[in-house]
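To start, the structure under review is shown below, and the notes come after it.
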Amino acid sequence: MTGSAGSVAFIGIGVMGAGMAANLAQKGFATTVFNRSAAKAAPLAAAGARVAASAREAVGGAEVVFLCLPATSNVEALLFGPEGIADILAAGTVVVDTSTIDPVATRAFAESLAARGVAMLDAPVSGGQKGAVDGTLTCMVGGPAEALETARPFLAAMATTIVHIGASGAGQVAKACNQICVSANLVGASEAMALAMKMGVDPSRVREALLGGAARSVVLERHVQKLLDRDFRPGFRTALITKDLTIAAKALNDAQVFAPVSAAILQILKGLAASGRQDDDWCSVGDLIQQLSAIEPADRDTASR
């Protein structure tokens with residue numbers, strides 16, 4: 001669907017938010033954007049968006065307000081802080097939070113907004129920067145079904161899969177489940193590539209073979225290729241996956257789930273961040289595994305050719 005009678009605000013123009021907001025503007029929606037670093041929002045003007053000077057200005061008159069922020073504290077401050085937007089949102093507005101944040105806090109935020117007549121959907125996404133740019137994200141939605149129907153045309157501009165998981169917070173729970181799965185996948189695949197290298201076998205050929213069998217995955221297809229290419233430019237930063245797994249670990253602990261794999265992976269990711277790779281793409285976990293496996297830098301470079 002392109003075009004809309006309603007208007008949309010998008011707050012948070014980072015690696016993911018830039019592509020998502022651009023899709024809204026390019027597909028005909030009246031889009032206003034805001035980012036604390038104004039330079040990141042400026043390119044959206046070329047896509048047809050209006051760039052606001054503040055979050056409060058951006059949301060004025062918007063039917064739907066999208067958030068794409070780094071952490072729970074950022075969402076809380078944006079909504080309820082001294083310069084927050086909650087007190088100026090009109091009754092009937094739908095807030096769609098595409099950030100990955102704590103599900104318990106999400107429920108509290110939704111309750112506070114509901115008391116003001118504003119619906120909130122937690123709608124974290126999966127698909128990475130490429131999916132954000134291409135408009136092919138998967139969106140996991142928690143919150144009122146009627147609010148989702150209001151937001152659906154806007155979500156469809158950026159996502160090809162939109163699943164209503166359940167009540168408020170359910171989308172964030174689903175995203176935690178997603179991050180557990182993909183993190184385990186990447187660490188396992190990275191260990192596999194290191195094994196191939198240590199045994200004198202071409203890891204790119206091993207990857208090619210694995211893609212034809214039961215080990216096939218988006219992680220093996222995209223992220224392991226980035227690892228073998230030694231392309232550590234951030235598509236999804238180590239700091240963010242570490243934050244996401246920390247959220248998942250808290251949820252696992254609170255729910256008393258036996259989760260030794262997630263616990264181990266979180267420690268690996270914390271070590272990765274502490275090694276100075278916090279702003280590198282998270283596929284750099286494979287480089288750390290190679291380093292700790294005593295694979296020489298020259299051999300790691302050779303694997304990419």
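The way I read the labels, and the way they are meant: chains A, B, ... in the order of the structure tokens, residue 1 as the first residue of every chain, and ligand 1 as the first ligand shown, with later ones counted on from there.
Scanning region 113-199 of chain A with DSSP on the backbone, the strand (DSSP E) assignments fall on Ala119, Met120, Leu121, Asp122, Val125, Ser126, Leu137, Thr138, Cys139, Met140, Val141, Gly142, Ala159, Thr160, Thr161, Ile162, Val163, His164, Ile165 and Gly166 of chain A.
Proximity to region 120-137 of chain A at 6 Å, evaluated using only C-alpha atoms and with sequence-adjacent residues fewer than 5 positions away removed, yields Met16, Gly19, Met20, Val94, Val95, Val96, Asp97, Thr98, Ser99, Thr100, Ala110, Gly142, Gly143, Met158, Ala159, Thr160, Gly171 and Gly235 of chain A.
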Selected residues written out with N, CA, C and O atoms, as a compact mmCIF listing (two decimals), in the first residue's frame:
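Output (part-v4.txt):
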```txt
# COMPACT_ATOMS: atom_id res chain seq x y z
N MET A 16 19.17 1.11 11.53
CA MET A 16 17.88 0.53 11.16
C MET A 16 16.85 1.60 10.83
O MET A 16 16.14 1.52 9.83
N GLY A 19 16.66 3.36 7.16
CA GLY A 19 16.01 2.63 6.08
C GLY A 19 14.51 2.54 6.26
O GLY A 19 13.74 2.67 5.30
N MET A 20 14.07 2.35 7.49
CA MET A 20 12.64 2.22 7.78
C MET A 20 11.92 3.52 7.49
O MET A 20 10.85 3.54 6.84
N VAL A 94 -1.26 6.14 17.91
CA VAL A 94 -0.64 4.84 18.13
C VAL A 94 0.88 5.02 18.12
O VAL A 94 1.44 5.54 17.16
N VAL A 95 1.53 4.62 19.20
CA VAL A 95 2.99 4.62 19.28
C VAL A 95 3.48 3.21 18.94
O VAL A 95 3.03 2.23 19.56
N VAL A 96 4.37 3.11 17.98
CA VAL A 96 4.93 1.83 17.56
C VAL A 96 6.41 1.83 17.89
O VAL A 96 7.19 2.55 17.25
N ASP A 97 6.79 1.05 18.88
CA ASP A 97 8.19 1.02 19.31
C ASP A 97 8.89 -0.15 18.65
O ASP A 97 8.68 -1.31 19.01
N THR A 98 9.74 0.14 17.66
CA THR A 98 10.49 -0.91 16.95
C THR A 98 11.82 -1.20 17.63
O THR A 98 12.58 -2.04 17.14
N SER A 99 12.11 -0.51 18.74
CA SER A 99 13.34 -0.77 19.49
C SER A 99 13.29 -2.17 20.09
O SER A 99 12.23 -2.78 20.23
N THR A 100 14.46 -2.68 20.46
CA THR A 100 14.54 -3.93 21.22
C THR A 100 14.83 -3.55 22.67
O THR A 100 15.94 -3.13 22.99
N ALA A 110 3.29 0.93 28.12
CA ALA A 110 1.99 0.81 27.44
C ALA A 110 0.84 1.16 28.37
O ALA A 110 -0.12 1.84 27.96
N GLY A 142 3.43 -6.82 19.74
CA GLY A 142 2.65 -7.00 20.94
C GLY A 142 1.78 -5.78 21.16
O GLY A 142 2.18 -4.66 20.84
N GLY A 143 0.57 -5.99 21.70
CA GLY A 143 -0.31 -4.86 21.97
C GLY A 143 -1.69 -5.06 21.39
O GLY A 143 -2.00 -6.12 20.84
N MET A 158 7.55 -1.15 5.48
CA MET A 158 8.91 -1.50 5.89
C MET A 158 9.10 -2.99 6.19
O MET A 158 10.23 -3.44 6.35
N ALA A 159 8.00 -3.72 6.25
CA ALA A 159 8.09 -5.13 6.63
C ALA A 159 7.21 -5.98 5.72
O ALA A 159 6.10 -5.57 5.35
N THR A 160 7.71 -7.15 5.35
CA THR A 160 6.92 -8.08 4.56
C THR A 160 6.24 -9.14 5.42
O THR A 160 5.30 -9.79 4.98
N GLY A 171 5.73 -8.88 21.79
CA GLY A 171 6.66 -8.65 20.68
C GLY A 171 8.10 -8.64 21.16
O GLY A 171 9.00 -9.20 20.52
N GLY A 235 26.84 -3.51 10.35
CA GLY A 235 25.46 -3.63 9.92
C GLY A 235 24.62 -3.76 11.17
O GLY A 235 23.56 -3.15 11.32
```
Distance query Glu191 (chain A) at most 12 Å, only C-alpha atoms, self and fewer than 4 positions along chain excluded, as a compact mmCIF listing (two decimals) with C-alpha atoms, in the first residue's frame:
```txt
# COMPACT_ATOMS: atom_id res chain seq x y z
CA ALA A 184 23.66 -19.30 19.01
CA ASN A 185 23.68 -19.79 15.24
CA LEU A 186 26.46 -17.27 14.62
CA VAL A 187 28.70 -18.50 17.43
CA LEU A 195 37.61 -25.73 12.79
CA ALA A 196 37.84 -25.82 9.00
CA MET A 197 40.72 -23.36 9.04
CA LYS A 198 42.62 -25.23 11.77
CA PRO A 203 36.12 -22.45 5.04
CA LEU A 220 25.36 -18.74 7.47
CA VAL A 224 29.40 -15.83 7.94
CA LEU A 227 33.19 -12.90 8.49
CA CYS A 283 30.15 -11.15 12.89
CA VAL A 285 32.79 -12.73 17.07
CA GLY A 286 34.16 -15.16 14.49
CA ASP A 287 37.41 -13.23 14.33
CA LEU A 288 37.72 -13.40 18.12
CA ILE A 289 37.14 -17.16 18.01
CA GLN A 290 39.84 -17.49 15.34
CA GLN A 291 42.22 -15.39 17.41
CA LEU A 292 41.62 -17.49 20.53
CA SER A 293 42.07 -20.61 18.41
```
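Note that CA of Thr93 (chain A) and CA of Gly60 (chain A) are 10.4 Å apart.
The gap separating CA of Thr31 (chain A) from CA of Gly81 (chain A) is 23.7 Å, in Å to one decimal.
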Please run DSSP on the backbone and report, as a VMD selection string, all residues within region 58-250 of chain A that come out as alpha helix (DSSP H). chain A and resid 58 to 59 72 to 80 103 to 114 128 to 134 145 to 155 170 to 198 203 to 210 218 224 to 228 238 to 250
For Lys250 (chain A), the closest of A:Asn35, A:Gln278, A:Ser54, A:Ser262 counting only C-alpha atoms is A:Ser262
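Checking A:Ala55, A:Met193, A:Met140, A:Val163 one by one against Asn178 (chain A), counting only C-alpha atoms, you find the shortest gap at A:Met140.
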